[in-house]
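Novice: Dumping the structure here so I can ask a few things about it.
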Amino acid sequence: MTDPVLSIQNLSKSFGGLKAVQNVSLDVPSASLTALIGPNGAGKTTLFALMSGFLKPDSGSVRFEGQDITGHAPHLNARLGMTRTFQIVQPFALQTVRENIAVGAHLHIKDRRLALREAEKIAHQLGLAALLDKPASELTVAGRKRLELARALATRPKLLLLDEVLAGLNPQEIAEMIPVVRGIADSGVTVLMIEHVMQAVMNLAQHVWVLAQGQLIAQGSPAEVTADPKVVEAYLGHGTAARLRKAALAAHTGATA
């Protein structure tokens with residue numbers, strides 16, 4: 001198995017009496033495309049914030065490429081090669097698409113002209129070339145999602161944490177975005193995505209972790225975790241899951257009678 005680019009061990013974070021993340025451990029293999037799923041309020045975004053330095057854990061450790069980065073500031077982690085996107089995208093509205101992407105490029109490129117050139121190159125990669133000189137405020141939701149990806153990609157990440165990059169998109173836009181994410185992974189960037197759109201998880205992820213009430217309850221291939229009774233109950237609730245099992249059993253019994 002490939003050495004992990006990111007390794008978290010026994011990570012925990014509480015807010016008052018709420019245990020948002022409880023003793024979570026996982027390794028993200030280098031050059032992989034993996035996913036973190038779970039019902040609303042499971043602690044997924046909190047876990048991303050702990051990984052990337054936007055929150056400091058109460059306990060546990062975060063290692064990136066073997067280096068302990070627990071509690072390090074996000075900009076330091078970005079310089080090392082870990083970048084995250086946000087579910088609610090907030091581009092610089094009055095700047096052009098080109099200028100927005102260049103903001104990310106400036107992490108490693110001081111020269112303005114070179115940063116803008118790098119922005120143009122990334123825009124072509126993400127299907128934004130025709131919009132380079134358009135103000136970010138005029139983009140559709142799908143366009144802003146691509147811009148968020150482009151700005152993150154401009155930081156030259158080794159590991160890209162995607163927080164619900166498909167949220168708010170219609171089915172056609174989701175179908176168009178899936179190959180974009182796959183293309184980023186195929187280019188050599190390790191991708192870990194939080195996602196509710198199971199179509200994307202089933203199409204993209206090689207390995208999936210499932211978080212519920214701050215704890216990891218399952219992991220495996222997309223097919224394995226979606227068939228796990230614990231995962232079904234976490235998403236649907238005990239009552240609904242039990243009724244579905246009962247109905248499935250009755251249907252099976254009736255079919256074989």
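Chain labels A, B, ... are given in the sequence in which chains occur in the structure tokens; within each chain residues are numbered consecutively from 1, and ligands are likewise numbered from 1 in the order shown.
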Just the residues within 9 Å of Arg63 of chain A, please, counting only C-alpha atoms, with nothing from its chain fewer than 2 positions along; format it as a list of chain:residue names.

Specialist: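 Non-adjacent residues within range: A:Val5, A:Leu6, A:Ser7, A:Ile8, A:Gln9, A:Met51, A:Ser61, A:Glu65, A:Gly66, A:Gln67, A:Asp68, A:Ile69, A:Thr70.
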
Novice: Store the residues of this selection in a file with N, CA and C atoms, as a PDB file, in the first residue's frame.

Specialist:
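Generated output (selection.pdb):
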ATOM      1  N   VAL A   5      -0.069  10.154   2.615  1.00  0.00           N
ATOM      2  CA  VAL A   5       0.345  11.550   2.544  1.00  0.00           C
ATOM      3  C   VAL A   5      -0.166  12.286   3.781  1.00  0.00           C
ATOM      4  N   LEU A   6      -1.313  11.799   4.311  1.00  0.00           N
ATOM      5  CA  LEU A   6      -1.898  12.378   5.528  1.00  0.00           C
ATOM      6  C   LEU A   6      -2.246  11.255   6.483  1.00  0.00           C
ATOM      7  N   SER A   7      -1.871  11.424   7.742  1.00  0.00           N
ATOM      8  CA  SER A   7      -2.193  10.435   8.768  1.00  0.00           C
ATOM      9  C   SER A   7      -2.704  11.163  10.004  1.00  0.00           C
ATOM     10  N   ILE A   8      -3.923  10.850  10.424  1.00  0.00           N
ATOM     11  CA  ILE A   8      -4.445  11.433  11.660  1.00  0.00           C
ATOM     12  C   ILE A   8      -4.674  10.309  12.663  1.00  0.00           C
ATOM     13  N   GLN A   9      -4.327  10.584  13.908  1.00  0.00           N
ATOM     14  CA  GLN A   9      -4.412   9.575  14.948  1.00  0.00           C
ATOM     15  C   GLN A   9      -5.176  10.110  16.149  1.00  0.00           C
ATOM     16  N   MET A  51      -7.790  18.842  10.232  1.00  0.00           N
ATOM     17  CA  MET A  51      -6.712  18.384   9.350  1.00  0.00           C
ATOM     18  C   MET A  51      -5.918  19.562   8.792  1.00  0.00           C
ATOM     19  N   SER A  61      -3.246  13.688  16.806  1.00  0.00           N
ATOM     20  CA  SER A  61      -2.191  14.266  15.978  1.00  0.00           C
ATOM     21  C   SER A  61      -2.544  14.231  14.497  1.00  0.00           C
ATOM     22  N   GLU A  65       2.878  14.044   5.169  1.00  0.00           N
ATOM     23  CA  GLU A  65       4.133  13.530   4.615  1.00  0.00           C
ATOM     24  C   GLU A  65       5.141  13.216   5.718  1.00  0.00           C
ATOM     25  N   GLY A  66       4.643  12.649   6.802  1.00  0.00           N
ATOM     26  CA  GLY A  66       5.496  12.237   7.914  1.00  0.00           C
ATOM     27  C   GLY A  66       5.816  13.320   8.916  1.00  0.00           C
ATOM     28  N   GLN A  67       5.451  14.563   8.619  1.00  0.00           N
ATOM     29  CA  GLN A  67       5.759  15.686   9.512  1.00  0.00           C
ATOM     30  C   GLN A  67       4.565  16.007  10.397  1.00  0.00           C
ATOM     31  N   ASP A  68       4.820  16.185  11.691  1.00  0.00           N
ATOM     32  CA  ASP A  68       3.745  16.533  12.622  1.00  0.00           C
ATOM     33  C   ASP A  68       3.341  17.984  12.388  1.00  0.00           C
ATOM     34  N   ILE A  69       2.083  18.179  11.953  1.00  0.00           N
ATOM     35  CA  ILE A  69       1.595  19.546  11.698  1.00  0.00           C
ATOM     36  C   ILE A  69       0.404  19.867  12.602  1.00  0.00           C
ATOM     37  N   THR A  70       0.250  19.126  13.679  1.00  0.00           N
ATOM     38  CA  THR A  70      -0.883  19.320  14.577  1.00  0.00           C
ATOM     39  C   THR A  70      -0.967  20.774  15.051  1.00  0.00           C
TER      40      THR A  70
END

Novice: Using only C-alpha atoms, which protein or nucleic acid residues come within 8 Å of segment 208-221 of chain A? Drop anything in the same chain fewer than 4 positions from it, and give the result as a list in words.

Specialist: Lys19, Ala20, Val21, Gln22, Asn23, Val24, Thr34, Ala35, Leu36, Ile37, Gly38, Pro39, Gly41, Ala42, Gly43, Lys44, Val225, Asp228, Lys230, Val231 and Ala234 of chain A

Novice: Please provide as a list of chain:residue names all residues within 10 Å of Leu55 of chain A, with the sequence filter that same-chain residues fewer than 3 positions apart are discarded (counting only C-alpha atoms).

Specialist: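 Here the answer would be A:Lys13, A:Thr46, A:Leu47, A:Phe48, A:Ala49, A:Leu50, A:Met51, A:Ser52, A:Asp58, A:Thr70, A:Gly71, A:His72, A:Ala73, A:Pro74.
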
Novice: Hey, what's within 7 Å of segment 118-131 of chain A if we count only C-alpha atoms and toss same-chain stuff fewer than 5 positions away? As a VMD selection string, please?

Specialist: chain A and resid 97 to 98 101 to 102 105 146 150 154 180

Novice: Using only C-alpha atoms, please write the residues we just selected to a file, as a PDB file, in the first residue's frame.

Specialist:
ATOM      1  CA  VAL A  97     -11.794  34.877 -12.767  1.00  0.00           C
ATOM      2  CA  ARG A  98      -8.156  35.264 -13.824  1.00  0.00           C
ATOM      3  CA  ILE A 101      -7.119  32.159  -9.557  1.00  0.00           C
ATOM      4  CA  ALA A 102      -3.929  34.211  -9.390  1.00  0.00           C
ATOM      5  CA  ALA A 105      -0.877  31.103  -7.526  1.00  0.00           C
ATOM      6  CA  ARG A 146     -15.052  25.528 -10.575  1.00  0.00           C
ATOM      7  CA  ALA A 150      -9.103  26.454  -9.699  1.00  0.00           C
ATOM      8  CA  ALA A 154      -3.237  27.196  -8.193  1.00  0.00           C
ATOM      9  CA  VAL A 180     -13.081  17.529 -13.553  1.00  0.00           C
TER      10      VAL A 180
END

Novice: Using only C-alpha atoms, which residue out of A:Met82, A:Leu149, A:Val232, A:Leu11 lies closest to Ser59 of chain A?

Specialist: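 Checking each of A:Met82, A:Leu149, A:Val232, A:Leu11 against Ser59 of chain A, counting only C-alpha atoms, the winner is A:Leu11.
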
Novice: Smallest atom-to-atom distance to Ala78 of chain A: which of A:Thr155, A:Gln199, A:Ser12, A:Asn100, using only C-alpha atoms?

Specialist: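 When distances to Ala78 of chain A are compared using only C-alpha atoms, the smallest one comes from A:Thr155.
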
Novice: Neighbouring residues of segment 158-165 of chain A were defined as those with any atom within 6 Å, considering only C-alpha atoms; residues of the same chain fewer than 3 positions away were excluded. Please report them as an NGL selection string.

Specialist: :A and (81-87 or 189-195)

Novice: Taking only segment 33-255 of chain A into account, list the residues labelled strand (DSSP E or B) by DSSP (computed from the backbone), as a compact mmCIF listing (two decimals) with N, CA and C atoms, in the first residue's frame.

Specialist:
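In the end it all went to states_32.txt:
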# COMPACT_ATOMS: atom_id res chain seq x y z
N LEU A 33 -7.80 8.88 -4.54
CA LEU A 33 -9.00 9.71 -4.51
C LEU A 33 -9.97 9.01 -3.56
N THR A 34 -10.13 9.58 -2.38
CA THR A 34 -10.92 8.96 -1.33
C THR A 34 -12.02 9.92 -0.86
N ALA A 35 -12.95 9.39 -0.07
CA ALA A 35 -14.10 10.20 0.33
C ALA A 35 -14.43 10.00 1.80
N LEU A 36 -14.95 11.05 2.40
CA LEU A 36 -15.47 11.03 3.77
C LEU A 36 -16.94 11.37 3.68
N ILE A 37 -17.79 10.45 4.11
CA ILE A 37 -19.23 10.66 4.03
C ILE A 37 -19.86 10.51 5.41
N SER A 59 -7.17 16.75 21.33
CA SER A 59 -6.19 15.67 21.48
C SER A 59 -5.99 15.00 20.13
N GLY A 60 -4.93 14.22 20.03
CA GLY A 60 -4.63 13.53 18.79
C GLY A 60 -3.61 14.28 17.95
N SER A 61 -3.25 13.69 16.81
CA SER A 61 -2.19 14.27 15.98
C SER A 61 -2.54 14.23 14.50
N VAL A 62 -1.93 15.16 13.77
CA VAL A 62 -2.06 15.24 12.32
C VAL A 62 -0.65 15.24 11.73
N ARG A 63 -0.38 14.31 10.83
CA ARG A 63 0.92 14.24 10.18
C ARG A 63 0.73 14.34 8.68
N PHE A 64 1.53 15.20 8.05
CA PHE A 64 1.48 15.39 6.61
C PHE A 64 2.85 15.04 6.04
N GLN A 67 5.45 14.56 8.62
CA GLN A 67 5.76 15.69 9.51
C GLN A 67 4.57 16.01 10.40
N ASP A 68 4.82 16.18 11.69
CA ASP A 68 3.75 16.53 12.62
C ASP A 68 3.34 17.98 12.39
N MET A 82 -0.93 21.20 1.46
CA MET A 82 -2.30 20.79 1.79
C MET A 82 -3.23 21.99 1.65
N THR A 83 -4.18 21.87 0.74
CA THR A 83 -5.13 22.96 0.48
C THR A 83 -6.54 22.42 0.58
N ARG A 84 -7.47 23.24 1.08
CA ARG A 84 -8.87 22.82 1.16
C ARG A 84 -9.77 23.82 0.47
N THR A 96 -11.73 39.57 -11.53
CA THR A 96 -12.02 38.64 -12.61
C THR A 96 -11.68 37.21 -12.19
N PRO A 135 -16.07 39.12 -14.32
CA PRO A 135 -16.05 39.28 -12.85
C PRO A 135 -16.62 38.04 -12.17
N LEU A 159 -2.04 17.53 -1.59
CA LEU A 159 -3.29 16.98 -1.06
C LEU A 159 -4.36 18.06 -1.14
N LEU A 160 -5.48 17.73 -1.78
CA LEU A 160 -6.59 18.67 -1.92
C LEU A 160 -7.79 18.13 -1.16
N LEU A 161 -8.26 18.92 -0.19
CA LEU A 161 -9.44 18.55 0.61
C LEU A 161 -10.64 19.28 0.02
N LEU A 162 -11.58 18.53 -0.53
CA LEU A 162 -12.75 19.11 -1.20
C LEU A 162 -13.98 18.98 -0.30
N ASP A 163 -14.51 20.12 0.14
CA ASP A 163 -15.67 20.11 1.03
C ASP A 163 -16.94 20.34 0.22
N THR A 190 -3.36 14.16 -4.70
CA THR A 190 -4.18 13.32 -3.83
C THR A 190 -5.43 14.10 -3.45
N VAL A 191 -6.59 13.45 -3.55
CA VAL A 191 -7.86 14.12 -3.28
C VAL A 191 -8.63 13.37 -2.19
N LEU A 192 -9.04 14.12 -1.16
CA LEU A 192 -9.96 13.60 -0.15
C LEU A 192 -11.18 14.50 -0.17
N MET A 193 -12.36 13.93 -0.44
CA MET A 193 -13.55 14.73 -0.60
C MET A 193 -14.62 14.39 0.42
N ILE A 194 -15.23 15.43 0.99
CA ILE A 194 -16.49 15.28 1.73
C ILE A 194 -17.59 15.39 0.69
N HIS A 207 -11.73 4.56 -1.88
CA HIS A 207 -11.93 4.15 -0.49
C HIS A 207 -12.80 5.21 0.19
N VAL A 208 -13.64 4.76 1.11
CA VAL A 208 -14.58 5.67 1.77
C VAL A 208 -14.53 5.45 3.28
N TRP A 209 -14.52 6.57 4.03
CA TRP A 209 -14.70 6.52 5.48
C TRP A 209 -16.07 7.11 5.79
N VAL A 210 -16.74 6.52 6.78
CA VAL A 210 -18.08 6.99 7.15
C VAL A 210 -18.04 7.50 8.59
N LEU A 211 -18.46 8.76 8.75
CA LEU A 211 -18.46 9.41 10.05
C LEU A 211 -19.90 9.60 10.51
N ALA A 212 -20.19 9.29 11.76
CA ALA A 212 -21.52 9.53 12.33
C ALA A 212 -21.35 9.91 13.79
N GLN A 215 -17.80 9.96 15.12
CA GLN A 215 -17.00 8.74 15.18
C GLN A 215 -17.00 8.04 13.83
N LEU A 216 -15.87 7.39 13.51
CA LEU A 216 -15.84 6.56 12.32
C LEU A 216 -16.60 5.27 12.60
N ILE A 217 -17.57 4.96 11.73
CA ILE A 217 -18.37 3.75 11.96
C ILE A 217 -18.15 2.69 10.88
N ALA A 218 -17.51 3.06 9.78
CA ALA A 218 -17.28 2.09 8.71
C ALA A 218 -16.24 2.65 7.75
N GLN A 219 -15.61 1.75 7.01
CA GLN A 219 -14.72 2.14 5.93
C GLN A 219 -14.61 0.99 4.95
N GLY A 220 -14.22 1.30 3.72
CA GLY A 220 -14.10 0.28 2.69
C GLY A 220 -14.38 0.88 1.33

Novice: Interatomic distance between atom CA of Val181 of chain A and atom CA of Thr140 of chain A?

Specialist: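 If I compute the distance from atom CA of Val181 of chain A to atom CA of Thr140 of chain A, I get 18.4 Å.
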
Novice: So, counting only C-alpha atoms, which residue among A:Ile178, A:Leu76, A:Leu139, A:Leu107 is closest to Ala152 of chain A?

Specialist: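 The shortest atom-to-atom distance to Ala152 of chain A comes from A:Leu107.
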
Novice: Would you please work out which residue, of A:Pro29, A:Pro179, A:Pro222, A:Gly17, is nearest to Ala205 of chain A when using only C-alpha atoms?

Specialist: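 Nearest to Ala205 of chain A: A:Pro222.
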
Novice: Among segment 48-240 of chain A, which ones does DSSP assign to helix (DSSP H, G or I) (computed from the backbone)? Answer as number ranges by chain.

Specialist: A: 48-52, 74-80, 97-105, 112-125, 129-131, 136-138, 141-153, 171-186, 198-204, 222-226, 229-236, 238-240

Novice: Would you mind telling me which residue in A:His196, A:Ile174, A:Tyr235, A:Arg156 lies nearest to Ile109 of chain A when using only C-alpha atoms?

Specialist: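 For Ile109 of chain A, the nearest of the candidates is A:Arg156.
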